Amino acid sequence: MKKPAVMSMWKNLKRWHLVQIILLSALLLILGFFGIIYYFSKTADISALNDEIPQPTIFYDEFGKIASKVSANKNEGVPIKDVPGSMQHAVVAIEDHRFYQHHGVDLLGTARALFRDVKVGGMAEGGSTITQQLVKNTLLTSEKTMQRKMEEMFMALAVEREYSKQEILQMYLNRIYFGNGAWGIKQAASKYFGKNVKNLTISESALLAGLIRSPSTLNPYDHMKQAIERRNLVLLEMKDQGYITNAQYIKAKQEKVKLDDSGNDPFRGKYPYYVDQVMEEAINKYGLSQDELLTEGYHIYTELDPSMQTAMENTYQNDVIFPKGKDRLVQSGGVLLDPKTGAVRAIVGGRGPHTFRGYNRASQLKAQPGSSFKPLAVYTPALEEGWKITDMLKDEPMKFGQYVPSNYDHQYEGEVPMYDAVKESKNLPAVWLLNQIGIEKGLDSVKRFGISLDQEDHNLPLALGGLHKGVSPMEMAEAFSVFPNKGYRVASHVIKKIVDDEGNIIGAWRLKKVKVTTKTVTENMTTMLLGVVEQGTGKAAQIPGRETAGKTGSTQVPIKGINGLKDQWFVGYTPQLVGAIWVGYDITDAEHYMIPTNGTGAALVFREAMQGALRNAPNESFHVTQIQDLIDEQKKQEGFNLEGIPEQFNNELQKWEEQWNKVKEKWDKKWNRKGKGHS
């Protein structure tokens, strides 16, 4: 009996020893496994991860109110201090209840997940901690391989050494996807409940936390029942883990889910063309990069007038006032500017879909300005040289060397007063006048108006806007601002100041006036340009009840045999606002050019934009001589010269006859006395 007992004990000891060996070996393998993970975690590269809260650049209007936002991130972050405890606890309870105990990798959870993965023969069970999820979502791909899982562990341990638990939770909440297009907790609170994160209730926090596992299948907008079931599970976990009391659990569970999608940020993406121009100016003038502007939370105070910008955008949505395009849009660009400060109040750079920082025809276009250039290159310098707006200019076919200009309608009157040449946009008088005063005078004038020219522009076609490269609506608006601003030019701009996220001013606009010409010259120019709108080629730009001055401009299609327009311009102003509009195809060819039609074109676009922009502005006057007064005076002079000449001649003849009779009578008496003496 003893021998079998001894043998049995021996077998038991051997079996127990074998179990010990197996357990010890397994323990050594596990320790070795995590030792390797720990070793490699020291060299894991997590430099791409940072705890900075994703913040948009915020744009303010001229009144200091938020106008628009833009960001490179899909989401907008919030600091962890603004996230209610209920939200933090809900996420920890359902996603990683040992979050505050482990160091990035939950050994028990990972071992359990690995056991299940081995059992099913693949990477089926995640077992990821919040830290691992953060790493996976920001630094790694989502593929399910053993190598990727190992990298995830390496990096999670490294992240825990670098950041605190609160910093990790903040990054996680600001980056996780909650479904329905909501990235980050701020968008989620807005998308589902129309409120700020700090105002979330326990029930709402639990519902959002429950979405993380499967945002699409638990989306309450589509699957309310499943979303509530998941919410209740999260609440139960919160209660069991001591985050909420039983009373809070019951109340939260009974709370009715009230979805509200009206909380989307109304400023994000607003006024896109104005934002584009602000970005352009911040980069080119203040030295910032696009990446900095999209990621570092700048506050940019602008000159934007929201009502004017809205009026401008609405105008560009009115297809009726634009020429009808052939298989593509006739494009346009326009700007509204305050002449006294150079502040751009509104800008639209094109028609159709907007592309972020795409081609802005209001500021980047280079097109020949046509006759809209005459006031700058010809008539202003002529007035400065002593010419008067009533002086007569030649209006007849002429050659200037090899240059043979013509009036657009090929009609000539022999000579016309300057104001009439401007009003009817006659070409020959303008070229003749520039030739009279000298091209250098015109070049100097254009330069003072702030427009750069090439060497190829040093010729008489300058009078008609025949420039080598051309100009933009922004440049033309700035130049024309000299007239309502009594001879002074202020550079156009959209930025007042730029402030970084710490409140430091890193750039600010400084007002600087440049004297271009005299007040008298600008008043005379305004008189003539009022005539253009009231009686001349710019009648379509008339704004009912407002004095409006301006100049039309157009260029011909440079293709032989085609009679059409390539560019169409109107640049004009009231006492308080300047507007410049260009209309045309981006590329003009034999199939794509404009044919003038009533009810469309640059002058109409100008009128609609200005009328909307000035809807609530006071009606102001230029207080200058009206063109009709000059016309009436001219007619009076013509009437006097033609009708009064016979009467004047008869009166003078009668006077001479009376004087002659007196002289004759005197001599007759004298000779009669002499005759008596002889006799």
# chains A, B, ... in the order shown; residues from 1 in each chain; ligands from 1
call {"tool": "residues_around", "arguments": {"residues": "Lys519 of chain A", "least_positions_apart": "3", "cutoff": "7 Å", "atoms": "only C-alpha atoms", "output": "list in words"}}
result
Lys486, Gly487, Thr522 and Glu523 of chain A
call {"tool": "write_last_selection", "arguments": {"atoms": "all heavy atoms", "output": "PDB file, in the first residue's frame"}}
result
ATOM      1  N   LYS A 486     -10.790 114.005 -51.948  1.00  0.00           N
ATOM      2  CA  LYS A 486     -10.235 115.353 -52.128  1.00  0.00           C
ATOM      3  C   LYS A 486      -8.751 115.360 -52.490  1.00  0.00           C
ATOM      4  O   LYS A 486      -7.994 116.244 -52.067  1.00  0.00           O
ATOM      5  CB  LYS A 486     -10.448 116.195 -50.854  1.00  0.00           C
ATOM      6  CG  LYS A 486     -11.876 116.213 -50.332  1.00  0.00           C
ATOM      7  CD  LYS A 486     -12.864 116.716 -51.358  1.00  0.00           C
ATOM      8  CE  LYS A 486     -14.289 116.758 -50.818  1.00  0.00           C
ATOM      9  NZ  LYS A 486     -15.278 117.130 -51.853  1.00  0.00           N
ATOM     10  N   GLY A 487      -8.319 114.370 -53.254  1.00  0.00           N
ATOM     11  CA  GLY A 487      -6.949 114.390 -53.756  1.00  0.00           C
ATOM     12  C   GLY A 487      -5.973 113.495 -53.039  1.00  0.00           C
ATOM     13  O   GLY A 487      -4.820 113.381 -53.445  1.00  0.00           O
ATOM     14  N   THR A 522      -9.941 117.247 -58.279  1.00  0.00           N
ATOM     15  CA  THR A 522     -10.856 116.139 -57.976  1.00  0.00           C
ATOM     16  C   THR A 522     -12.310 116.575 -58.108  1.00  0.00           C
ATOM     17  O   THR A 522     -13.163 115.788 -58.539  1.00  0.00           O
ATOM     18  CB  THR A 522     -10.621 115.583 -56.562  1.00  0.00           C
ATOM     19  OG1 THR A 522     -10.885 116.599 -55.582  1.00  0.00           O
ATOM     20  CG2 THR A 522      -9.191 115.087 -56.399  1.00  0.00           C
ATOM     21  N   GLU A 523     -12.599 117.813 -57.753  1.00  0.00           N
ATOM     22  CA  GLU A 523     -13.975 118.306 -57.885  1.00  0.00           C
ATOM     23  C   GLU A 523     -14.371 118.409 -59.358  1.00  0.00           C
ATOM     24  O   GLU A 523     -15.494 118.069 -59.728  1.00  0.00           O
ATOM     25  CB  GLU A 523     -14.124 119.650 -57.181  1.00  0.00           C
ATOM     26  CG  GLU A 523     -14.083 119.523 -55.661  1.00  0.00           C
ATOM     27  CD  GLU A 523     -14.144 120.864 -54.954  1.00  0.00           C
ATOM     28  OE1 GLU A 523     -13.904 121.896 -55.633  1.00  0.00           O
ATOM     29  OE2 GLU A 523     -14.415 120.881 -53.745  1.00  0.00           O
TER      30      GLU A 523
END
call {"tool": "closest_atom_pairs", "arguments": {"of": "segment 489-541 of chain A", "to": "segment 378-399 of chain A", "cutoff": "8 Å", "atoms": "only C-alpha atoms", "output": "tab-separated table"}}
result
residue	atom	partner	partner_atom	distance
A:Thr517	CA	A:Glu384	CA	7.7
A:Val521	CA	A:Leu383	CA	6.2
A:Thr522	CA	A:Thr380	CA	7.8
A:Asn524	CA	A:Ile389	CA	7.0
A:Met525	CA	A:Thr380	CA	7.1
A:Met528	CA	A:Ile389	CA	7.7
call {"tool": "write_last_selection", "arguments": {"atoms": "all heavy atoms", "output": "PDB file, in the first residue's frame"}}
result
ATOM      1  N   THR A 517      -3.292 114.685 -56.006  1.00  0.00           N
ATOM      2  CA  THR A 517      -3.617 115.879 -56.781  1.00  0.00           C
ATOM      3  C   THR A 517      -4.349 116.873 -55.884  1.00  0.00           C
ATOM      4  O   THR A 517      -4.477 116.647 -54.673  1.00  0.00           O
ATOM      5  CB  THR A 517      -4.461 115.499 -58.020  1.00  0.00           C
ATOM      6  OG1 THR A 517      -4.589 116.638 -58.867  1.00  0.00           O
ATOM      7  CG2 THR A 517      -5.829 114.979 -57.627  1.00  0.00           C
ATOM      8  N   VAL A 521      -8.918 119.844 -58.686  1.00  0.00           N
ATOM      9  CA  VAL A 521      -8.882 118.859 -59.775  1.00  0.00           C
ATOM     10  C   VAL A 521      -9.884 117.739 -59.516  1.00  0.00           C
ATOM     11  O   VAL A 521     -10.619 117.323 -60.412  1.00  0.00           O
ATOM     12  CB  VAL A 521      -7.463 118.283 -59.946  1.00  0.00           C
ATOM     13  CG1 VAL A 521      -7.482 117.045 -60.848  1.00  0.00           C
ATOM     14  CG2 VAL A 521      -6.532 119.339 -60.527  1.00  0.00           C
ATOM     15  N   THR A 522      -9.941 117.247 -58.279  1.00  0.00           N
ATOM     16  CA  THR A 522     -10.856 116.139 -57.976  1.00  0.00           C
ATOM     17  C   THR A 522     -12.310 116.575 -58.108  1.00  0.00           C
ATOM     18  O   THR A 522     -13.163 115.788 -58.539  1.00  0.00           O
ATOM     19  CB  THR A 522     -10.621 115.583 -56.562  1.00  0.00           C
ATOM     20  OG1 THR A 522     -10.885 116.599 -55.582  1.00  0.00           O
ATOM     21  CG2 THR A 522      -9.191 115.087 -56.399  1.00  0.00           C
ATOM     22  N   ASN A 524     -13.444 118.868 -60.184  1.00  0.00           N
ATOM     23  CA  ASN A 524     -13.722 118.933 -61.622  1.00  0.00           C
ATOM     24  C   ASN A 524     -13.889 117.541 -62.214  1.00  0.00           C
ATOM     25  O   ASN A 524     -14.753 117.321 -63.072  1.00  0.00           O
ATOM     26  CB  ASN A 524     -12.598 119.678 -62.339  1.00  0.00           C
ATOM     27  CG  ASN A 524     -12.694 121.184 -62.166  1.00  0.00           C
ATOM     28  OD1 ASN A 524     -13.795 121.740 -62.134  1.00  0.00           O
ATOM     29  ND2 ASN A 524     -11.555 121.847 -62.043  1.00  0.00           N
ATOM     30  N   MET A 525     -13.075 116.600 -61.755  1.00  0.00           N
ATOM     31  CA  MET A 525     -13.206 115.225 -62.235  1.00  0.00           C
ATOM     32  C   MET A 525     -14.545 114.643 -61.813  1.00  0.00           C
ATOM     33  O   MET A 525     -15.212 113.958 -62.592  1.00  0.00           O
ATOM     34  CB  MET A 525     -12.068 114.358 -61.692  1.00  0.00           C
ATOM     35  CG  MET A 525     -10.750 114.494 -62.444  1.00  0.00           C
ATOM     36  SD  MET A 525     -10.855 114.181 -64.231  1.00  0.00           S
ATOM     37  CE  MET A 525     -11.748 112.644 -64.276  1.00  0.00           C
ATOM     38  N   MET A 528     -17.336 115.813 -64.036  1.00  0.00           N
ATOM     39  CA  MET A 528     -17.384 115.114 -65.322  1.00  0.00           C
ATOM     40  C   MET A 528     -17.849 113.671 -65.160  1.00  0.00           C
ATOM     41  O   MET A 528     -18.607 113.156 -65.990  1.00  0.00           O
ATOM     42  CB  MET A 528     -16.006 115.157 -65.985  1.00  0.00           C
ATOM     43  CG  MET A 528     -15.596 116.553 -66.443  1.00  0.00           C
ATOM     44  SD  MET A 528     -14.182 116.569 -67.573  1.00  0.00           S
ATOM     45  CE  MET A 528     -12.848 116.097 -66.469  1.00  0.00           C
TER      46      MET A 528
END
call {"tool": "residues_around", "arguments": {"residues": "segment 575-581 of chain A", "least_positions_apart": "5", "cutoff": "6 Å", "atoms": "only C-alpha atoms", "output": "list of chain:residue names"}}
result
A:Gly333, A:Gly334, A:Val335, A:Leu336, A:Leu337, A:Asp338, A:Pro473, A:Ala477, A:Pro484, A:Trp569, A:Phe570, A:Ala602
call {"tool": "write_last_selection", "arguments": {"atoms": "C-alpha atoms", "output": "JSON list (two decimals), in the first residue's frame"}}
result
[["chain", "number", "residue", "atom", "x", "y", "z"],
["A", 333, "GLY", "CA", -14.63, 90.30, -59.48],
["A", 334, "GLY", "CA", -15.57, 93.32, -57.40],
["A", 335, "VAL", "CA", -14.57, 95.35, -54.39],
["A", 336, "LEU", "CA", -16.17, 98.07, -52.24],
["A", 337, "LEU", "CA", -13.81, 100.45, -50.47],
["A", 338, "ASP", "CA", -13.97, 103.35, -48.02],
["A", 473, "PRO", "CA", -10.55, 95.93, -59.38],
["A", 477, "ALA", "CA", -10.94, 101.19, -56.54],
["A", 484, "PRO", "CA", -14.05, 111.53, -53.31],
["A", 569, "TRP", "CA", -15.47, 97.59, -66.34],
["A", 570, "PHE", "CA", -17.27, 100.06, -64.19],
["A", 602, "ALA", "CA", -20.40, 95.71, -65.08]]
call {"tool": "residues_around", "arguments": {"residues": "segment 100-109 of chain A", "least_positions_apart": "5", "cutoff": "9 Å", "atoms": "only C-alpha atoms", "output": "JSON, numbers by chain"}}
result
{"A": [34, 92, 114, 127, 128, 129, 130, 131, 132, 153, 154, 155, 156, 157, 158, 159, 160, 161, 165]}
call {"tool": "write_last_selection", "arguments": {"atoms": "N, CA, C and O atoms", "output": "compact mmCIF listing (two decimals), in the first residue's frame"}}
result
# COMPACT_ATOMS: atom_id res chain seq x y z
N PHE A 34 6.47 42.30 -22.06
CA PHE A 34 6.26 43.68 -21.64
C PHE A 34 7.57 44.40 -21.41
O PHE A 34 7.64 45.63 -21.51
N VAL A 92 -14.32 57.60 -19.38
CA VAL A 92 -13.43 56.69 -18.65
C VAL A 92 -14.18 55.42 -18.25
O VAL A 92 -13.66 54.30 -18.38
N LEU A 114 -5.26 39.46 -25.73
CA LEU A 114 -4.37 38.58 -26.47
C LEU A 114 -4.86 37.13 -26.41
O LEU A 114 -4.80 36.40 -27.40
N GLY A 127 -8.89 45.68 -26.70
CA GLY A 127 -8.28 45.84 -25.38
C GLY A 127 -7.52 47.13 -25.22
O GLY A 127 -6.66 47.25 -24.36
N SER A 128 -7.80 48.11 -26.10
CA SER A 128 -7.03 49.36 -26.09
C SER A 128 -7.48 50.28 -24.96
O SER A 128 -8.67 50.44 -24.70
N THR A 129 -6.50 50.94 -24.37
CA THR A 129 -6.79 51.96 -23.37
C THR A 129 -7.10 53.27 -24.10
O THR A 129 -6.95 53.38 -25.33
N ILE A 130 -7.51 54.27 -23.34
CA ILE A 130 -7.74 55.59 -23.94
C ILE A 130 -6.46 56.12 -24.57
O ILE A 130 -6.48 56.70 -25.66
N THR A 131 -5.34 55.88 -23.90
CA THR A 131 -4.05 56.34 -24.43
C THR A 131 -3.73 55.64 -25.74
O THR A 131 -3.26 56.26 -26.70
N GLN A 132 -3.98 54.34 -25.80
CA GLN A 132 -3.73 53.59 -27.02
C GLN A 132 -4.66 54.06 -28.16
O GLN A 132 -4.25 54.15 -29.31
N MET A 153 1.39 49.95 -28.46
CA MET A 153 1.80 49.82 -27.05
C MET A 153 3.06 50.63 -26.76
O MET A 153 3.14 51.30 -25.73
N PHE A 154 4.06 50.53 -27.65
CA PHE A 154 5.30 51.30 -27.47
C PHE A 154 4.97 52.78 -27.28
O PHE A 154 5.44 53.44 -26.33
N MET A 155 4.16 53.29 -28.20
CA MET A 155 3.86 54.72 -28.19
C MET A 155 2.98 55.12 -27.01
O MET A 155 3.15 56.22 -26.46
N ALA A 156 2.06 54.26 -26.60
CA ALA A 156 1.19 54.58 -25.47
C ALA A 156 2.00 54.77 -24.19
O ALA A 156 1.75 55.69 -23.41
N LEU A 157 2.98 53.88 -23.99
CA LEU A 157 3.84 54.01 -22.81
C LEU A 157 4.65 55.31 -22.89
O LEU A 157 4.85 55.99 -21.87
N ALA A 158 5.12 55.63 -24.09
CA ALA A 158 5.88 56.87 -24.26
C ALA A 158 5.02 58.10 -23.99
O ALA A 158 5.46 59.07 -23.38
N VAL A 159 3.77 58.05 -24.46
CA VAL A 159 2.85 59.17 -24.24
C VAL A 159 2.59 59.38 -22.75
O VAL A 159 2.57 60.51 -22.26
N GLU A 160 2.43 58.28 -22.01
CA GLU A 160 2.15 58.39 -20.57
C GLU A 160 3.33 58.98 -19.81
O GLU A 160 3.15 59.61 -18.77
N ARG A 161 4.56 58.73 -20.31
CA ARG A 161 5.73 59.33 -19.66
C ARG A 161 5.82 60.83 -19.95
O ARG A 161 6.33 61.59 -19.13
N LYS A 165 -2.37 62.57 -17.10
CA LYS A 165 -3.65 61.94 -17.44
C LYS A 165 -4.65 62.97 -17.98
O LYS A 165 -5.39 62.69 -18.94
call {"tool": "residues_around", "arguments": {"residues": "Gly553 of chain A", "least_positions_apart": "6", "cutoff": "6 Å", "atoms": "only C-alpha atoms", "output": "list in words"}}
result
Gly370, Ser371, Ser372, Gln568 and Trp569 of chain A
call {"tool": "write_last_selection", "arguments": {"atoms": "N, CA and C atoms", "output": "JSON list (two decimals), in the first residue's frame"}}
result
[["chain", "number", "residue", "atom", "x", "y", "z"],
["A", 370, "GLY", "N", -9.37, 99.55, -70.20],
["A", 370, "GLY", "CA", -10.11, 100.29, -71.22],
["A", 370, "GLY", "C", -10.29, 101.75, -70.84],
["A", 371, "SER", "N", -11.44, 102.31, -71.19],
["A", 371, "SER", "CA", -11.68, 103.74, -70.99],
["A", 371, "SER", "C", -11.80, 104.15, -69.53],
["A", 372, "SER", "N", -11.97, 103.18, -68.62],
["A", 372, "SER", "CA", -12.03, 103.54, -67.20],
["A", 372, "SER", "C", -10.69, 104.11, -66.73],
["A", 568, "GLN", "N", -15.05, 94.08, -69.44],
["A", 568, "GLN", "CA", -16.05, 95.11, -69.19],
["A", 568, "GLN", "C", -15.82, 95.64, -67.77],
["A", 569, "TRP", "N", -15.76, 96.97, -67.63],
["A", 569, "TRP", "CA", -15.47, 97.59, -66.34],
["A", 569, "TRP", "C", -16.51, 98.65, -65.98]]
call {"tool": "select_by_dssp", "arguments": {"residues": "segment 388-613 of chain A", "states": "alpha helix (DSSP H)", "output": "ChimeraX atom specification"}}
result
/A:418-423,427-437,439-448,473-480,519-535,602-613
call {"tool": "select_by_dssp", "arguments": {"residues": "segment 525-659 of chain A", "states": "strand (DSSP E or B)", "output": "PyMOL selection string"}}
result
chain A and resi 549-556+565-573+578-584+589+592+594
call {"tool": "residues_around", "arguments": {"residues": "Gly325 of chain A", "least_positions_apart": "2", "cutoff": "9 Å", "atoms": "only C-alpha atoms", "output": "MDAnalysis selection string"}}
result
chainID A and resid 322:323 327:331 585 592:594
call {"tool": "atom_distance", "arguments": {"atom1": "atom CA of Thr552 of chain A", "atom2": "atom CA of Val533 of chain A"}}
result
9.0 Å
call {"tool": "atom_distance", "arguments": {"atom1": "atom CA of Met476 of chain A", "atom2": "atom CA of Asp589 of chain A"}}
result
25.2 Å
call {"tool": "closest_residue", "arguments": {"among": "A:Ser164, A:Gln88, A:Gln368, A:Asn459", "to": "Ala206 of chain A", "atoms": "only C-alpha atoms"}}
result
A:Gln88
call {"tool": "atom_distance", "arguments": {"atom1": "atom CA of Ile595 of chain A", "atom2": "atom CA of Leu565 of chain A"}}
result
6.1 Å
call {"tool": "closest_residue", "arguments": {"among": "A:Phe373, A:Tyr488, A:Tyr163, A:Phe449", "to": "Lys551 of chain A", "atoms": "only C-alpha atoms"}}
result
A:Phe373
call {"tool": "decode", "arguments": {"residues": "segment 409-420 of chain A", "atoms": "N, CA, C and O atoms", "output": "CSV table (one decimal), in the first residue's frame"}}
result
chain,number,residue,atom,x,y,z
A,409,ASP,N,-17.8,104.3,-81.7
A,409,ASP,CA,-18.9,104.3,-82.6
A,409,ASP,C,-18.5,104.8,-84.0
A,409,ASP,O,-19.4,105.0,-84.9
A,410,HIS,N,-17.2,105.2,-84.2
A,410,HIS,CA,-16.7,105.7,-85.4
A,410,HIS,C,-17.4,107.0,-85.8
A,410,HIS,O,-17.5,107.3,-87.0
A,411,GLN,N,-18.0,107.7,-84.8
A,411,GLN,CA,-18.6,109.0,-85.1
A,411,GLN,C,-17.7,110.2,-84.5
A,411,GLN,O,-17.2,110.0,-83.4
A,412,TYR,N,-17.6,111.3,-85.3
A,412,TYR,CA,-16.7,112.4,-84.9
A,412,TYR,C,-17.5,113.7,-85.0
A,412,TYR,O,-18.3,113.9,-85.9
A,413,GLU,N,-17.2,114.6,-84.1
A,413,GLU,CA,-17.9,115.9,-84.1
A,413,GLU,C,-17.0,117.1,-84.4
A,413,GLU,O,-17.4,118.2,-84.3
A,414,GLY,N,-15.7,116.8,-84.8
A,414,GLY,CA,-14.8,117.9,-85.1
A,414,GLY,C,-14.1,118.4,-83.8
A,414,GLY,O,-12.9,118.3,-83.7
A,415,GLU,N,-14.9,118.9,-82.8
A,415,GLU,CA,-14.3,119.2,-81.5
A,415,GLU,C,-15.5,119.2,-80.5
A,415,GLU,O,-16.6,119.4,-80.8
A,416,VAL,N,-15.1,118.8,-79.3
A,416,VAL,CA,-16.1,118.7,-78.2
A,416,VAL,C,-15.4,119.2,-76.9
A,416,VAL,O,-14.2,119.2,-76.7
A,417,PRO,N,-16.3,119.8,-76.0
A,417,PRO,CA,-15.7,120.2,-74.7
A,417,PRO,C,-15.3,118.9,-73.9
A,417,PRO,O,-15.8,117.8,-74.1
A,418,MET,N,-14.3,119.1,-73.1
A,418,MET,CA,-13.7,118.0,-72.3
A,418,MET,C,-14.8,117.2,-71.6
A,418,MET,O,-14.8,116.0,-71.6
A,419,TYR,N,-15.7,117.9,-70.9
A,419,TYR,CA,-16.7,117.1,-70.1
A,419,TYR,C,-17.6,116.2,-71.0
A,419,TYR,O,-18.0,115.2,-70.6
A,420,ASP,N,-17.8,116.7,-72.3
A,420,ASP,CA,-18.5,115.8,-73.2
A,420,ASP,C,-17.7,114.6,-73.7
A,420,ASP,O,-18.3,113.5,-73.9
